[in-house]
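As provided, target22.pdb (PDB, C-alpha atoms) reads as follows.
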```pdb
MODEL        1
ATOM      1  CA  MET A 376       0.052  22.120  90.493  1.00  0.00           C
ATOM      2  CA  ILE A 377      -2.458  19.340  90.382  1.00  0.00           C
ATOM      3  CA  GLY A 378      -0.901  15.949  90.883  1.00  0.00           C
ATOM      4  CA  PHE A 379      -2.141  12.523  90.196  1.00  0.00           C
ATOM      5  CA  PRO A 380      -2.984  10.334  93.153  1.00  0.00           C
ATOM      6  CA  ALA A 381      -0.202   7.975  94.039  1.00  0.00           C
ATOM      7  CA  ALA A 382      -0.627   4.419  92.865  1.00  0.00           C
ATOM      8  CA  PRO A 383      -1.648   2.153  95.716  1.00  0.00           C
ATOM      9  CA  ARG A 384       1.097   0.192  97.354  1.00  0.00           C
ATOM     10  CA  GLN A 385       1.188  -3.459  96.302  1.00  0.00           C
ATOM     11  CA  ILE A 386       0.045  -4.612  99.735  1.00  0.00           C
ATOM     12  CA  ASP A 387      -2.964  -2.255  99.591  1.00  0.00           C
ATOM     13  CA  ARG A 388      -4.250  -3.524  96.274  1.00  0.00           C
ATOM     14  CA  THR A 389      -7.563  -5.336  96.497  1.00  0.00           C
ATOM     15  CA  ALA A 390      -6.199  -8.655  95.230  1.00  0.00           C
ATOM     16  CA  SER A 391      -3.343  -8.621  97.778  1.00  0.00           C
ATOM     17  CA  LEU A 392      -5.660  -7.722 100.630  1.00  0.00           C
ATOM     18  CA  VAL A 393      -8.219 -10.389  99.693  1.00  0.00           C
ATOM     19  CA  ALA A 394      -5.445 -12.995  99.479  1.00  0.00           C
ATOM     20  CA  LEU A 395      -4.066 -12.029 102.901  1.00  0.00           C
ATOM     21  CA  LEU A 396      -7.521 -12.029 104.489  1.00  0.00           C
ATOM     22  CA  LEU A 397      -8.373 -15.432 103.029  1.00  0.00           C
ATOM     23  CA  VAL A 398      -5.072 -16.949 104.154  1.00  0.00           C
ATOM     24  CA  ALA A 399      -5.557 -15.627 107.687  1.00  0.00           C
ATOM     25  CA  ALA A 400      -9.149 -16.863 107.783  1.00  0.00           C
ATOM     26  CA  VAL A 401      -8.419 -20.321 106.394  1.00  0.00           C
ATOM     27  CA  THR A 402      -5.401 -20.992 108.612  1.00  0.00           C
ATOM     28  CA  GLU A 403      -7.214 -19.777 111.725  1.00  0.00           C
ATOM     29  CA  ALA A 404     -10.298 -21.829 110.837  1.00  0.00           C
ATOM     30  CA  MET A 405      -8.042 -24.879 110.723  1.00  0.00           C
ATOM     31  CA  VAL A 406      -7.185 -24.337 114.383  1.00  0.00           C
ATOM     32  CA  LEU A 407     -10.870 -23.879 115.269  1.00  0.00           C
ATOM     33  CA  LEU A 408     -11.857 -27.038 113.374  1.00  0.00           C
ATOM     34  CA  LEU A 409      -8.993 -29.149 114.709  1.00  0.00           C
ATOM     35  CA  PRO A 410     -11.047 -30.855 117.453  1.00  0.00           C
ATOM     36  CA  SER A 411     -13.658 -32.004 114.917  1.00  0.00           C
ATOM     37  CA  PHE A 412     -10.959 -33.222 112.542  1.00  0.00           C
ATOM     38  CA  VAL A 413      -9.151 -35.147 115.261  1.00  0.00           C
ATOM     39  CA  GLY A 414     -12.460 -36.566 116.462  1.00  0.00           C
ATOM     40  CA  ALA A 415     -13.198 -37.830 112.959  1.00  0.00           C
ATOM     41  CA  LEU A 416      -9.753 -39.440 112.776  1.00  0.00           C
ATOM     42  CA  ASP A 417     -10.324 -41.003 116.164  1.00  0.00           C
ATOM     43  CA  ASP A 418     -13.581 -42.555 114.932  1.00  0.00           C
ATOM     44  CA  VAL A 419     -11.734 -44.174 112.033  1.00  0.00           C
ATOM     45  CA  LEU A 420      -8.527 -45.202 113.817  1.00  0.00           C
ATOM     46  CA  HIS A 421     -10.007 -45.993 117.266  1.00  0.00           C
ATOM     47  CA  LEU A 422      -7.197 -44.253 119.135  1.00  0.00           C
ATOM     48  CA  SER A 423      -6.637 -44.161 122.875  1.00  0.00           C
ATOM     49  CA  ALA A 424      -7.278 -40.880 124.675  1.00  0.00           C
ATOM     50  CA  THR A 425      -3.520 -40.307 124.913  1.00  0.00           C
ATOM     51  CA  ARG A 426      -2.969 -40.806 121.198  1.00  0.00           C
ATOM     52  CA  THR A 427      -5.937 -38.606 120.357  1.00  0.00           C
ATOM     53  CA  GLY A 428      -4.412 -35.844 122.478  1.00  0.00           C
ATOM     54  CA  LEU A 429      -1.007 -36.307 120.866  1.00  0.00           C
ATOM     55  CA  LEU A 430      -2.575 -36.100 117.437  1.00  0.00           C
ATOM     56  CA  ALA A 431      -4.358 -32.870 118.335  1.00  0.00           C
ATOM     57  CA  SER A 432      -1.203 -31.355 119.764  1.00  0.00           C
ATOM     58  CA  ALA A 433       0.857 -32.289 116.677  1.00  0.00           C
ATOM     59  CA  ASP A 434      -0.786 -29.593 114.548  1.00  0.00           C
ATOM     60  CA  LEU A 435      -0.439 -27.035 117.306  1.00  0.00           C
ATOM     61  CA  THR A 436       3.228 -27.957 117.760  1.00  0.00           C
ATOM     62  CA  GLY A 437       3.919 -27.297 114.089  1.00  0.00           C
ATOM     63  CA  ILE A 438       1.984 -24.032 114.157  1.00  0.00           C
ATOM     64  CA  ALA A 439       3.780 -22.904 117.315  1.00  0.00           C
ATOM     65  CA  LEU A 440       7.224 -23.699 115.880  1.00  0.00           C
ATOM     66  CA  THR A 441       6.686 -21.782 112.657  1.00  0.00           C
ATOM     67  CA  THR A 442       4.903 -18.877 114.279  1.00  0.00           C
ATOM     68  CA  ALA A 443       7.462 -18.553 117.078  1.00  0.00           C
ATOM     69  CA  THR A 444      10.319 -18.434 114.583  1.00  0.00           C
ATOM     70  CA  ALA A 445       8.537 -15.982 112.253  1.00  0.00           C
ATOM     71  CA  PRO A 446      10.363 -12.891 113.564  1.00  0.00           C
ATOM     72  CA  TRP A 447      13.605 -14.316 112.158  1.00  0.00           C
ATOM     73  CA  TRP A 448      12.372 -15.299 108.694  1.00  0.00           C
ATOM     74  CA  LEU A 449       9.206 -13.306 108.015  1.00  0.00           C
ATOM     75  CA  ARG A 450      10.740 -10.292 106.273  1.00  0.00           C
ATOM     76  CA  ARG A 451      13.348 -12.362 104.431  1.00  0.00           C
ATOM     77  CA  VAL A 452      11.022 -14.419 102.233  1.00  0.00           C
ATOM     78  CA  SER A 453       8.706 -13.646  99.347  1.00  0.00           C
ATOM     79  CA  TRP A 454       5.287 -13.609 100.971  1.00  0.00           C
ATOM     80  CA  ARG A 455       3.462 -14.747  97.836  1.00  0.00           C
ATOM     81  CA  ARG A 456       5.739 -17.710  97.139  1.00  0.00           C
ATOM     82  CA  THR A 457       5.883 -18.753 100.782  1.00  0.00           C
ATOM     83  CA  VAL A 458       2.111 -18.593 101.262  1.00  0.00           C
ATOM     84  CA  PHE A 459       1.502 -20.445  98.008  1.00  0.00           C
ATOM     85  CA  ALA A 460       4.015 -23.169  98.908  1.00  0.00           C
ATOM     86  CA  SER A 461       2.766 -23.505 102.482  1.00  0.00           C
ATOM     87  CA  LEU A 462      -0.911 -23.718 101.497  1.00  0.00           C
ATOM     88  CA  LEU A 463      -0.141 -26.184  98.720  1.00  0.00           C
ATOM     89  CA  ALA A 464       1.844 -28.293 101.186  1.00  0.00           C
ATOM     90  CA  PHE A 465      -0.993 -27.991 103.715  1.00  0.00           C
ATOM     91  CA  LEU A 466      -3.534 -29.212 101.156  1.00  0.00           C
ATOM     92  CA  LEU A 467      -1.386 -32.129  99.999  1.00  0.00           C
ATOM     93  CA  ILE A 468      -0.472 -33.178 103.531  1.00  0.00           C
ATOM     94  CA  ASN A 469      -4.122 -33.150 104.572  1.00  0.00           C
ATOM     95  CA  LEU A 470      -5.039 -35.253 101.550  1.00  0.00           C
ATOM     96  CA  LEU A 471      -2.299 -37.719 102.501  1.00  0.00           C
ATOM     97  CA  CYS A 472      -3.748 -37.953 106.001  1.00  0.00           C
ATOM     98  CA  PHE A 473      -6.906 -39.538 104.602  1.00  0.00           C
ATOM     99  CA  ALA A 474      -4.849 -42.430 103.231  1.00  0.00           C
ATOM    100  CA  VAL A 475      -2.849 -43.097 106.410  1.00  0.00           C
ATOM    101  CA  ARG A 476      -4.229 -45.705 108.784  1.00  0.00           C
ATOM    102  CA  SER A 477      -1.515 -45.914 111.434  1.00  0.00           C
ATOM    103  CA  PHE A 478      -0.723 -43.532 114.252  1.00  0.00           C
ATOM    104  CA  TRP A 479       2.976 -42.616 113.918  1.00  0.00           C
ATOM    105  CA  PRO A 480       2.950 -41.680 110.214  1.00  0.00           C
ATOM    106  CA  LEU A 481      -0.241 -39.707 110.828  1.00  0.00           C
ATOM    107  CA  LEU A 482       1.361 -37.904 113.759  1.00  0.00           C
ATOM    108  CA  CYS A 483       4.308 -36.885 111.567  1.00  0.00           C
ATOM    109  CA  LEU A 484       1.973 -35.672 108.837  1.00  0.00           C
ATOM    110  CA  ARG A 485      -0.009 -33.606 111.352  1.00  0.00           C
ATOM    111  CA  VAL A 486       3.189 -31.889 112.560  1.00  0.00           C
ATOM    112  CA  LEU A 487       4.037 -31.106 108.925  1.00  0.00           C
ATOM    113  CA  ALA A 488       0.511 -29.785 108.378  1.00  0.00           C
ATOM    114  CA  GLY A 489       0.959 -27.523 111.389  1.00  0.00           C
ATOM    115  CA  LEU A 490       4.319 -26.290 110.115  1.00  0.00           C
ATOM    116  CA  SER A 491       2.822 -25.433 106.741  1.00  0.00           C
ATOM    117  CA  ALA A 492      -0.231 -23.656 108.189  1.00  0.00           C
ATOM    118  CA  GLY A 493       1.998 -21.934 110.722  1.00  0.00           C
ATOM    119  CA  ALA A 494       4.112 -20.460 107.924  1.00  0.00           C
ATOM    120  CA  ALA A 495       1.146 -18.889 106.156  1.00  0.00           C
ATOM    121  CA  TYR A 496      -0.547 -17.375 109.195  1.00  0.00           C
ATOM    122  CA  PRO A 497       2.136 -14.909 110.399  1.00  0.00           C
ATOM    123  CA  ILE A 498       2.686 -13.762 106.816  1.00  0.00           C
ATOM    124  CA  ALA A 499      -1.005 -12.968 106.507  1.00  0.00           C
ATOM    125  CA  LEU A 500      -1.046 -11.172 109.854  1.00  0.00           C
ATOM    126  CA  ALA A 501       2.038  -9.120 109.032  1.00  0.00           C
ATOM    127  CA  GLY A 502       0.635  -8.285 105.610  1.00  0.00           C
ATOM    128  CA  VAL A 503      -2.673  -7.108 107.040  1.00  0.00           C
ATOM    129  CA  MET A 504      -0.814  -4.965 109.586  1.00  0.00           C
ATOM    130  CA  ASP A 505       1.331  -3.464 106.789  1.00  0.00           C
ATOM    131  CA  THR A 506      -1.701  -2.152 104.908  1.00  0.00           C
ATOM    132  CA  THR A 507      -2.592   1.515 105.032  1.00  0.00           C
ATOM    133  CA  ARG A 508      -5.950   0.766 106.679  1.00  0.00           C
ATOM    134  CA  ALA A 509      -4.690  -1.815 109.185  1.00  0.00           C
ATOM    135  CA  PRO A 510      -7.413  -1.324 111.852  1.00  0.00           C
ATOM    136  CA  ARG A 511     -10.198  -1.774 109.302  1.00  0.00           C
ATOM    137  CA  ASN A 512      -8.486  -4.715 107.659  1.00  0.00           C
ATOM    138  CA  THR A 513      -7.860  -6.384 111.019  1.00  0.00           C
ATOM    139  CA  GLY A 514     -11.594  -6.162 111.698  1.00  0.00           C
ATOM    140  CA  LEU A 515     -12.294  -7.720 108.311  1.00  0.00           C
ATOM    141  CA  MET A 516      -9.796 -10.477 109.077  1.00  0.00           C
ATOM    142  CA  MET A 517     -11.443 -11.263 112.410  1.00  0.00           C
ATOM    143  CA  SER A 518     -14.889 -11.326 110.800  1.00  0.00           C
ATOM    144  CA  LEU A 519     -13.723 -13.665 108.049  1.00  0.00           C
ATOM    145  CA  GLN A 520     -12.132 -15.973 110.604  1.00  0.00           C
ATOM    146  CA  VAL A 521     -15.466 -16.306 112.391  1.00  0.00           C
ATOM    147  CA  VAL A 522     -17.318 -16.885 109.109  1.00  0.00           C
ATOM    148  CA  PHE A 523     -14.845 -19.539 107.908  1.00  0.00           C
ATOM    149  CA  GLY A 524     -14.874 -21.253 111.303  1.00  0.00           C
ATOM    150  CA  ALA A 525     -18.679 -21.346 111.408  1.00  0.00           C
ATOM    151  CA  ALA A 526     -18.902 -22.574 107.798  1.00  0.00           C
ATOM    152  CA  GLY A 527     -16.366 -25.276 108.593  1.00  0.00           C
ATOM    153  CA  VAL A 528     -18.320 -26.470 111.616  1.00  0.00           C
ATOM    154  CA  TYR A 529     -21.522 -26.654 109.558  1.00  0.00           C
ATOM    155  CA  ALA A 530     -19.726 -28.458 106.721  1.00  0.00           C
ATOM    156  CA  ILE A 531     -18.192 -31.007 109.090  1.00  0.00           C
ATOM    157  CA  ASP A 532     -21.568 -31.634 110.725  1.00  0.00           C
ATOM    158  CA  ALA A 533     -23.248 -31.998 107.326  1.00  0.00           C
ATOM    159  CA  CYS A 534     -20.619 -34.512 106.158  1.00  0.00           C
ATOM    160  CA  GLY A 535     -20.629 -36.437 109.426  1.00  0.00           C
TER     161      GLY A 535
ENDMDL
END
```
Representation of the structure as structure tokens:
Amino acid sequence: MIGFPAAPRQIDRTASLVALLLVAAVTEAMVLLLPSFVGALDDVLHLSATRTGLLASADLTGIALTTATAPWWLRRVSWRRTVFASLLAFLLINLLCFAVRSFWPLLCLRVLAGLSAGAAYPIALAGVMDTTRAPRNTGLMMSLQVVFGAAGVYAIDACG
């Protein structure tokens, strides 16, 4: 008996894979571009070396907290809704950062930005690893991360 090929799993559909790869690339690029971003903020706010370091570590603190807790919440949430909400929050928080001119509110916003980016990243990684062609898709993810990071560096230099 000739059967029809099984429909692809939702996670293996092109749109799902592209979304996961883009989320992984964008959130990882944020970590790669963090020094440039903090340097730009330092130029505007004229921070001490200590405060510049604290500002840089705020994002990483948020990312570390969300990523470290991911094993407890990752499989309990809707990945689409969570990624959408976290990236929307990340965008809005970063836009708010441009309006803030004092250190402590900016530090709080950077922790929140890290929390939001940190929520999207493990979802993207888990999703890529859940695909049928995980080794290939992991290679694509790594390549996109390099491309997004390089494009971000060029964009920051062009704007600066």
Polymer residues at most 10 Å from Gln520 (chain A), all atoms listed in the file, same-chain spacing of 4 or more positions, as a ChimeraX atom specification: /A:396-405,407,514-516,524-526
Reference answer for the PyMOL selection byres ((chain A and resi 409-421) around 12), as a PyMOL selection string: chain A and resi 402-408+422-435+469+472-479+481-482+485+488-489+524+527-532+534-535
Å distance separating CA of Trp448 (chain A) from CA of Ile468 (chain A), one decimal place: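 We find that CA of Trp448 (chain A) and CA of Ile468 (chain A) lie 22.6 Å from each other.
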Distance query Thr389 (chain A) at most 12 Å, only C-alpha atoms, self and fewer than 4 positions along chain excluded, as a VMD selection string: chain A and resid 383 to 385 393 to 396 503 506 508 512
Nearest-residue call for Thr513 (chain A), choices A:Gly493, A:Thr442, A:Ile386, A:Ala499, using only C-alpha atoms: A:Ala499
Computed interatomic separation between CA of Pro510 (chain A) and CA of Phe523 (chain A) (Å):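 Value for the CA of Pro510 (chain A)-CA of Phe523 (chain A) distance: 20.1 Å.
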Two-atom distance - CA of Leu467 (chain A), CA of Ala492 (chain A) (Å):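 Separating CA of Leu467 (chain A) from CA of Ala492 (chain A) is a distance of 11.8 Å.
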Proximity to Ser391 (chain A) - best of A:Pro480, A:Phe459, A:Leu470, A:Gly502, all atoms listed in the file: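 Closest to Ser391 (chain A) of all the choices is A:Gly502.
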